[in-house]
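K.L.:
This is the structure I want to talk about, given as structure tokens.
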Amino acid sequence: MDQNIAQIVAGLRTAFPDVAFSPQPLIDRSEDDAGAEQVFVRVPPDKIVEVMRFLHDDARCDFQQLASLTCVDYLDFPKARDRYAVVYTLVSPRLNHRMWVKCFVNDPDPAVPSVTGIWNAAEWTEREVFDLFGIRFSDHPDLRRIMTWDGFKAHPLRKDYPLRGHGEREDFTVVTDDSR
Amino acid sequence: MGTDTMTEARPTTMSLEEPGGDLWALNFGPQHPATHTTLRLVLELDGERVVACTPHIGYLHSGFEKLGEHLTYNQYVVVTDRMNYISPMANNIAWHHACEVLFNIELTPRCKVLRTILAELARIQDHLLCVGCTALDLGGFTAFLYGFADREDIYDLCEDICGARFTTSYTRVGGLMNDMPDGWPEKVKAFCRKLPKTLDDIVALLNRNRIFIERTKGIGYINHDDAINWGLTGPLARASGVRRDLRKDEPYLCYADNWDGSGSSGVDFKVPISHGGDVLARYLVRLEEMHQSLAIIAQLIDNIPAGPVNVLADDKQTLPDKREVYTSIEGLIHHFEQVMTNRGHTPPIGEAYGANETASGELGFYLVSDGGIMPYRVHCRAPSFINYQCFPKLVEGHQLSDVVAILGSLNIIAGELDR
Amino acid sequence: MGLTTSETSPHTMGNGDTLSTRLDHLVGLLRKHGPNWARKNSLWPMPFATACCGIELMAMGASRYDVARFGAEVMRFTPRQCDLMICAGRVAIKMLPVLQRIYMQMCEPKWVISMGACASTGGVFDTYSVVQGIDQFMPVDVYVPGCPPRPETLIEGVMAIQRIVDAEGVKPSAERGGLGLTVDPVVQLNTVGRRS
Ligand code: SF4
């Protein structure tokens, strides 16, 4: 593991003694270590805001930028235990390192506290995850659908939603029928 | 739709000091010449001044990420073309860069050089349009036409190498669709000789143009810390003084040292930074980046290493050369194994993130693989989407006419924004 | 071609022909063919450019392909001044009501080009949020194939419209299939979000 990441995890462990941080590579490559610099830590949803605040403020971490925020639905992933993982990609432009944070949540009512208070960049990305996965971000200032239209019922990027939809693109409410 | 006024309330006072009272709501887009594609804003105006701005997006949402779960790693490249259609080649390269991070493939030197050249051509292509549009939105049509004429030359180069003007789909896992045709470097060089003249023409038209300067200087300002916090990357961040360029900070392709395995150093170029943070600074950064791209191409075009463009065919992760498919039985079998859904290679199980510096910023793909031939999940970290978030902050307090200038300078591509 | 085809004058220019009958004849010809001749050579397109095809539409208007040679270079972004809608690019369901609204705002006579695979059939985007062919919701006169169509192909499409104008003249859109259905989701016109 990268020196920086080891330091960050050590910092996290001292700051949050009651959370078990176990850094894991995004992908397990047994034979060589080439991809092992991509490391994530699991954070429980109730701790996410404090941990993120620490990662943002601490001088060793200095994750000033939230590069992306997305979600993965592990519904039929082999050996998965939790259903959804909200994945945060953190970047420090000054120290030039990257780390991933995953926050696992489950049905019913998957909810994660919002990190918009730390990074403004989370505002739309959280809305997107809300729209496409149906994960609620509590304390989000403006949680509305962003990609699909008002009145769209489903969450299209969930694994149990078919590619062509449940007929949303064919069934319309007819407002007027003016074939004059 | 143009600019339909929603509220009939007439402002009785034009005072800039006291907002509130009579505000207009103005709908801007989704079909409007200055929104470039399908962006929609709802502006609250106090006279001519923007008090609040609410962007609405999703008017081009076409399910790119869902589609990624139903196409193989090679097939999906077709969809990435349609994502940022101003510089599709850069998207192709970014997509397969992410795949190669997942598969842990090291490319051949020839492939790296070709990809680097194409990535820089794509950057020029994007910046030419963006610079032209910045001028076009402020009423200068000529700079736009100059830029477009040179874009046509890049289209010709793309057409030579892959057969399509801008839906290129040129990369494959571990290589390229085919090698470059004979004589292609000469055409690139001819283009590189021609472009500086165009850039000079644009500079002559705009850089000392009083109207242009006054409409861009100090407009849409964002400072260094905010730029980072809002997630800005690419020329937008660099125009606010953020020293970050993935080509330098997380080098890949020929930007990395030792790219050819025999100790060559990465290509030599400078990253332009400006501290202006406004529309003008973004324009100037883009202009300079085009010169740097030309310098990168000049370093590479004369010594493209010989050798194959695809990594060795027997590692069963890449498609075989087309000639081999047509002339040898092994090639044909190999090809079938790749394209048949039940026989393809098995990618490792796990997740990976690969990002490239494209013309509008960090274009990354987050891939989840469950070992099948199609990705389990594809997430695209689209620079346009992240960059557009700060737009309300940039326009608030400015005049209505500045909205257009700021929008042009952000270079928002709806295909990438809505995915 | 307008003034010279089909009905050449049966009259000779001889003595029996008075000036006024000849004039009448000319006026008749002009009445019959003049408007269409004028129309087809000055089509004003409404570029409904949503996606990648819009870039080829721009290329068609820019210097190399120069659609001004066919009299269709005056792109107007307000539908009220246009008579040819070029729908370039995929139309998401969220965008569909906008497309219909714009079509309704255009004055008669009007024609529609559906440019590219996406506008015509949905193209590669057979997904939950893309309209699978705009012709389900509005009359389309010319389909231009390709993904994207090259600018030459699009120019051929414009010329096809010219031939339609020439051959059929003006038919109200109701006769050409009508608009069909206007649909939800209606555009929420004055949604204002959080002030930052
Ligand atoms: S037809 Fe092809 S080029 Fe045109 S909008 Fe659709 S995907 Fe883009």
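Order determines the names: the first chain of the structure tokens is A, the second B, and so forth; residues in each chain are numbered 1 upward, and ligands are numbered 1 upward as they are shown.
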Return as a VMD selection string the residues of protein, DNA or RNA that approach ligand 1 to within 10 Å, with only C-alpha atoms and all ligand atoms taken into account.

P.N.:
(chain B and resid 78 to 83 85 166 to 167 415) or (chain C and resid 49 to 57 87 to 91 114 to 125 144 to 150)

K.L.:
Determine which residues of region 334-406 of chain B DSSP labels as strand (DSSP E) from the backbone of this structure, then write them out as a ChimeraX atom specification.

P.N.:
/B:350-358,361-369,377-381

K.L.:
Counting only C-alpha atoms, which residues of chain C fall within 9 Å of chain B, and what is the closest atom pair for each with its distance in Å at one decimal, ordered by chain and rising number, as CSV?

P.N.:
residue,atom,partner,partner_atom,distance
C:Pro47,CA,B:Pro33,CA,8.9
C:Phe48,CA,B:Gln31,CA,7.1
C:Ala49,CA,B:Thr37,CA,6.3
C:Thr50,CA,B:Thr37,CA,5.2
C:Ala51,CA,B:Gly415,CA,6.2
C:Cys52,CA,B:Tyr85,CA,5.4
C:Cys53,CA,B:Tyr85,CA,8.8
C:Gly54,CA,B:Thr37,CA,8.2
C:Ile55,CA,B:Ile86,CA,7.7
C:Met58,CA,B:Phe148,CA,9.0
C:Ala59,CA,B:Phe148,CA,7.6
C:Ala62,CA,B:Leu145,CA,6.5
C:Ser63,CA,B:Ala149,CA,6.6
C:Arg64,CA,B:Ala149,CA,6.9
C:Arg76,CA,B:Pro33,CA,8.8
C:Phe77,CA,B:Pro33,CA,6.1
C:Thr78,CA,B:Gly2,CA,6.3
C:Pro79,CA,B:Met1,CA,7.8
C:Arg90,CA,B:Leu60,CA,7.4
C:Val91,CA,B:Leu60,CA,6.7
C:Ala92,CA,B:Leu60,CA,5.3
C:Ile93,CA,B:Tyr59,CA,7.8
C:Lys94,CA,B:Tyr59,CA,5.5
C:Met95,CA,B:Tyr59,CA,5.2
C:Leu96,CA,B:Tyr59,CA,8.9
C:Val98,CA,B:Met1,CA,7.5
C:Leu99,CA,B:Gln31,CA,8.7
C:Arg101,CA,B:Met1,CA,7.8
C:Ile102,CA,B:Met1,CA,6.4
C:Gln105,CA,B:Met1,CA,8.8
C:Val124,CA,B:Val79,CA,7.8
C:Phe125,CA,B:Ser62,CA,6.6
C:Asp126,CA,B:Leu67,CA,8.5
C:Thr127,CA,B:Gly63,CA,6.1
C:Tyr128,CA,B:Gly63,CA,7.0
C:Ser129,CA,B:Ser62,CA,5.5
C:Val130,CA,B:Ser62,CA,5.7
C:Cys147,CA,B:Thr167,CA,7.6
C:Pro148,CA,B:Thr167,CA,7.4
C:Arg150,CA,B:Arg165,CA,8.1
C:Leu189,CA,B:Asn27,CA,7.2
C:Asn190,CA,B:Val42,CA,7.0
C:Thr191,CA,B:Val42,CA,7.3
C:Val192,CA,B:Thr54,CA,5.9
C:Gly193,CA,B:Thr54,CA,5.7
C:Arg194,CA,B:Thr54,CA,7.6
C:Arg195,CA,B:Ala52,CA,6.2
C:Ser196,CA,B:Lys393,CA,7.1

K.L.:
Please report, as JSON lines, each residue of chain B lying at most 7 Å from chain A, together with the nearest pair of atoms and the separation in Å rounded to one decimal; use only C-alpha atoms, and order rows by chain and ascending residue number.

P.N.:
{"residue": "B:Ile57", "atom": "CA", "partner": "A:Ile146", "partner_atom": "CA", "distance": 6.3}
{"residue": "B:Gly58", "atom": "CA", "partner": "A:Met147", "partner_atom": "CA", "distance": 4.0}
{"residue": "B:His61", "atom": "CA", "partner": "A:Met147", "partner_atom": "CA", "distance": 6.0}
{"residue": "B:Lys66", "atom": "CA", "partner": "A:Leu157", "partner_atom": "CA", "distance": 6.0}
{"residue": "B:Ile228", "atom": "CA", "partner": "A:Gln65", "partner_atom": "CA", "distance": 5.6}
{"residue": "B:Asn229", "atom": "CA", "partner": "A:Trp119", "partner_atom": "CA", "distance": 5.5}
{"residue": "B:Trp230", "atom": "CA", "partner": "A:Ala121", "partner_atom": "CA", "distance": 4.5}
{"residue": "B:Gly231", "atom": "CA", "partner": "A:Ala121", "partner_atom": "CA", "distance": 5.3}
{"residue": "B:Arg244", "atom": "CA", "partner": "A:Pro93", "partner_atom": "CA", "distance": 6.4}
{"residue": "B:Asp249", "atom": "CA", "partner": "A:Asn96", "partner_atom": "CA", "distance": 6.7}
{"residue": "B:Gly350", "atom": "CA", "partner": "A:Ile27", "partner_atom": "CA", "distance": 4.4}
{"residue": "B:Glu351", "atom": "CA", "partner": "A:Leu26", "partner_atom": "CA", "distance": 5.1}
{"residue": "B:Ala352", "atom": "CA", "partner": "A:Leu26", "partner_atom": "CA", "distance": 6.1}
{"residue": "B:Asp370", "atom": "CA", "partner": "A:Phe77", "partner_atom": "CA", "distance": 6.3}
{"residue": "B:Arg377", "atom": "CA", "partner": "A:Val72", "partner_atom": "CA", "distance": 6.9}
{"residue": "B:Arg381", "atom": "CA", "partner": "A:Ser68", "partner_atom": "CA", "distance": 6.0}
{"residue": "B:Ile386", "atom": "CA", "partner": "A:Ala121", "partner_atom": "CA", "distance": 6.7}
{"residue": "B:Gln389", "atom": "CA", "partner": "A:Trp124", "partner_atom": "CA", "distance": 6.7}
{"residue": "B:Asp418", "atom": "CA", "partner": "A:Met147", "partner_atom": "CA", "distance": 6.7}

K.L.:
Those selected residues, please, written with all heavy atoms and delivered as a compact mmCIF listing (two decimals), in the first residue's frame.

P.N.:
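Once everything was written out, this is part.txt:
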# COMPACT_ATOMS: atom_id res chain seq x y z
N ILE B 57 -31.40 20.10 -15.78
CA ILE B 57 -30.73 19.28 -16.78
C ILE B 57 -31.49 17.98 -16.95
O ILE B 57 -32.53 17.78 -16.34
CB ILE B 57 -29.26 19.03 -16.40
CG1 ILE B 57 -29.16 18.16 -15.17
CG2 ILE B 57 -28.53 20.34 -16.18
CD1 ILE B 57 -27.77 17.69 -14.91
N GLY B 58 -30.98 17.15 -17.79
CA GLY B 58 -31.63 15.86 -18.03
C GLY B 58 -32.43 15.83 -19.31
O GLY B 58 -33.09 14.85 -19.59
N HIS B 61 -30.97 13.03 -21.28
CA HIS B 61 -30.59 11.82 -20.54
C HIS B 61 -30.97 10.60 -21.36
O HIS B 61 -32.13 10.38 -21.66
CB HIS B 61 -31.32 11.80 -19.20
CG HIS B 61 -30.99 10.59 -18.40
ND1 HIS B 61 -29.72 10.30 -17.98
CD2 HIS B 61 -31.77 9.58 -17.96
CE1 HIS B 61 -29.73 9.16 -17.31
NE2 HIS B 61 -30.95 8.70 -17.28
N LYS B 66 -26.65 2.84 -17.94
CA LYS B 66 -27.40 1.58 -18.00
C LYS B 66 -26.98 0.79 -19.22
O LYS B 66 -26.84 -0.43 -19.17
CB LYS B 66 -28.90 1.91 -18.07
CG LYS B 66 -29.80 0.72 -17.89
CD LYS B 66 -29.94 0.35 -16.44
CE LYS B 66 -30.82 -0.85 -16.23
NZ LYS B 66 -30.81 -1.28 -14.84
N ILE B 228 -11.74 24.36 -6.46
CA ILE B 228 -11.46 22.99 -6.02
C ILE B 228 -12.68 22.41 -5.32
O ILE B 228 -13.09 21.28 -5.57
CB ILE B 228 -10.23 22.97 -5.09
CG1 ILE B 228 -8.99 23.30 -5.90
CG2 ILE B 228 -10.09 21.64 -4.41
CD1 ILE B 228 -7.74 23.32 -5.10
N ASN B 229 -13.29 23.22 -4.47
CA ASN B 229 -14.42 22.70 -3.70
C ASN B 229 -15.60 22.34 -4.58
O ASN B 229 -16.34 21.39 -4.31
CB ASN B 229 -14.82 23.72 -2.65
CG ASN B 229 -15.69 23.11 -1.60
OD1 ASN B 229 -16.87 22.91 -1.82
ND2 ASN B 229 -15.11 22.77 -0.46
N TRP B 230 -15.80 23.10 -5.66
CA TRP B 230 -16.90 22.78 -6.57
C TRP B 230 -16.53 21.64 -7.51
O TRP B 230 -17.30 21.29 -8.39
CB TRP B 230 -17.29 23.99 -7.40
CG TRP B 230 -18.17 24.96 -6.68
CD1 TRP B 230 -17.79 26.12 -6.10
CD2 TRP B 230 -19.58 24.86 -6.48
NE1 TRP B 230 -18.87 26.75 -5.55
CE2 TRP B 230 -19.99 26.00 -5.77
CE3 TRP B 230 -20.55 23.92 -6.85
CZ2 TRP B 230 -21.31 26.22 -5.40
CZ3 TRP B 230 -21.87 24.14 -6.48
CH2 TRP B 230 -22.23 25.29 -5.75
N GLY B 231 -15.33 21.11 -7.38
CA GLY B 231 -14.94 19.97 -8.19
C GLY B 231 -14.48 20.32 -9.59
O GLY B 231 -14.42 19.44 -10.45
N ARG B 244 -3.27 21.65 -11.52
CA ARG B 244 -3.57 20.22 -11.60
C ARG B 244 -3.86 19.86 -13.03
O ARG B 244 -4.69 20.46 -13.69
CB ARG B 244 -4.75 19.86 -10.71
CG ARG B 244 -4.98 18.36 -10.66
CD ARG B 244 -5.83 17.96 -9.48
NE ARG B 244 -6.18 16.55 -9.55
CZ ARG B 244 -5.37 15.58 -9.16
NH1 ARG B 244 -4.18 15.85 -8.71
NH2 ARG B 244 -5.75 14.32 -9.24
N ASP B 249 0.11 14.95 -13.25
CA ASP B 249 -0.01 14.46 -11.87
C ASP B 249 -0.25 12.96 -11.77
O ASP B 249 0.18 12.33 -10.83
CB ASP B 249 -1.15 15.21 -11.16
CG ASP B 249 -0.81 16.66 -10.97
OD1 ASP B 249 0.39 16.95 -10.82
OD2 ASP B 249 -1.72 17.50 -10.97
N GLY B 350 -13.68 -7.28 -9.68
CA GLY B 350 -13.25 -6.17 -8.85
C GLY B 350 -13.64 -4.84 -9.46
O GLY B 350 -14.51 -4.79 -10.34
N GLU B 351 -13.04 -3.78 -8.98
CA GLU B 351 -13.42 -2.45 -9.42
C GLU B 351 -12.17 -1.66 -9.77
O GLU B 351 -11.09 -1.95 -9.26
CB GLU B 351 -14.19 -1.75 -8.30
CG GLU B 351 -15.24 -2.67 -7.74
CD GLU B 351 -16.12 -2.05 -6.69
OE1 GLU B 351 -15.94 -0.87 -6.39
OE2 GLU B 351 -16.99 -2.77 -6.20
N ALA B 352 -12.34 -0.70 -10.64
CA ALA B 352 -11.18 0.11 -11.02
C ALA B 352 -11.66 1.46 -11.50
O ALA B 352 -12.80 1.60 -11.96
CB ALA B 352 -10.38 -0.57 -12.12
N ASP B 370 -17.95 -8.15 -12.62
CA ASP B 370 -18.26 -9.36 -11.85
C ASP B 370 -17.68 -10.58 -12.55
O ASP B 370 -18.10 -11.70 -12.29
CB ASP B 370 -19.77 -9.49 -11.66
CG ASP B 370 -20.52 -9.63 -12.96
OD1 ASP B 370 -19.89 -9.41 -14.02
OD2 ASP B 370 -21.71 -9.96 -12.95
N ARG B 377 -21.11 -2.57 -13.75
CA ARG B 377 -21.59 -1.21 -13.59
C ARG B 377 -20.55 -0.30 -14.22
O ARG B 377 -19.35 -0.50 -14.05
CB ARG B 377 -21.74 -0.88 -12.10
CG ARG B 377 -21.82 0.60 -11.78
CD ARG B 377 -23.22 1.01 -11.41
NE ARG B 377 -23.29 2.37 -10.91
CZ ARG B 377 -23.47 3.45 -11.68
NH1 ARG B 377 -23.59 3.32 -12.99
NH2 ARG B 377 -23.53 4.64 -11.15
N ARG B 381 -17.44 9.66 -14.76
CA ARG B 381 -17.22 10.91 -14.05
C ARG B 381 -17.09 11.97 -15.15
O ARG B 381 -16.03 12.19 -15.72
CB ARG B 381 -15.95 10.82 -13.22
CG ARG B 381 -15.73 11.97 -12.28
CD ARG B 381 -14.66 12.91 -12.75
NE ARG B 381 -14.44 13.97 -11.79
CZ ARG B 381 -14.48 15.26 -12.13
NH1 ARG B 381 -14.70 15.64 -13.35
NH2 ARG B 381 -14.28 16.18 -11.22
N ILE B 386 -19.94 17.83 -13.59
CA ILE B 386 -19.41 18.39 -12.35
C ILE B 386 -19.14 19.89 -12.53
O ILE B 386 -19.42 20.68 -11.63
CB ILE B 386 -18.12 17.64 -11.95
CG1 ILE B 386 -18.35 16.14 -12.01
CG2 ILE B 386 -17.63 18.10 -10.60
CD1 ILE B 386 -18.73 15.47 -10.78
N GLN B 389 -22.12 22.49 -12.19
CA GLN B 389 -22.80 22.73 -10.91
C GLN B 389 -22.59 24.13 -10.39
O GLN B 389 -23.47 24.70 -9.75
CB GLN B 389 -22.25 21.79 -9.86
CG GLN B 389 -22.66 20.39 -10.03
CD GLN B 389 -22.19 19.59 -8.86
OE1 GLN B 389 -22.70 19.73 -7.77
NE2 GLN B 389 -21.22 18.75 -9.07
N ASP B 418 -25.70 15.02 -19.42
CA ASP B 418 -26.88 14.24 -19.03
C ASP B 418 -26.65 12.74 -19.12
O ASP B 418 -27.30 11.99 -18.43
CB ASP B 418 -28.05 14.60 -19.94
CG ASP B 418 -28.49 16.02 -19.73
OD1 ASP B 418 -28.11 16.58 -18.70
OD2 ASP B 418 -29.18 16.56 -20.58

K.L.:
For a test of reading the model, state the distance in Å between CA of Val112 (chain A) and CA of Arg53 (chain A), rounded to one decimal.

P.N.:
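Between CA of Val112 (chain A) and CA of Arg53 (chain A) the gap works out to 14.9 Å.
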
K.L.:
Can you list, as a ChimeraX atom specification, every residue of region 51-164 of chain C that DSSP puts in helix (DSSP H, G or I)?

P.N.:
/C:53-61,67-70,79-81,96-105,116-121,134-136,151-164

K.L.:
Write out as a PyMOL selection string the residues lying within 9 Å of region 115-130 of chain B, counting only C-alpha atoms and excluding same-chain residues fewer than 4 positions away.

P.N.:
chain B and resi 86-91+93+110-111+134-135+144+146-148+150-151+154-155+158+171+176+199+253-255+283+286-287+289-291+293-294+296-297+300-301+358-360+408-411

K.L.:
One decimal, Å: what's the distance from CA of Gly276 (chain B) over to CA of Cys61 (chain A), could you say?

P.N.:
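A separation of 28.1 Å between them.
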
K.L.:
With only C-alpha atoms as the basis for distance, which of A:Asp109, A:Asp131, A:Glu50, A:Glu168 is at the shortest distance from chain C?

P.N.:
A:Glu168

K.L.:
Counting only C-alpha atoms, which residue out of B:Asp46, B:Asp22, B:Glu186, B:Glu250 sits closest to Asn356 (chain B)?

P.N.:
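Ranked by minimum distance to Asn356 (chain B), first place goes to B:Glu250.
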
K.L.:
Excluding Phe70 (chain C) and its own-chain neighbours fewer than 2 positions away, which residues fall within 8 Å of it when counting only C-alpha atoms? Please give them as a ChimeraX atom specification.

P.N.:
/C:41-42,67-68,72-73,159
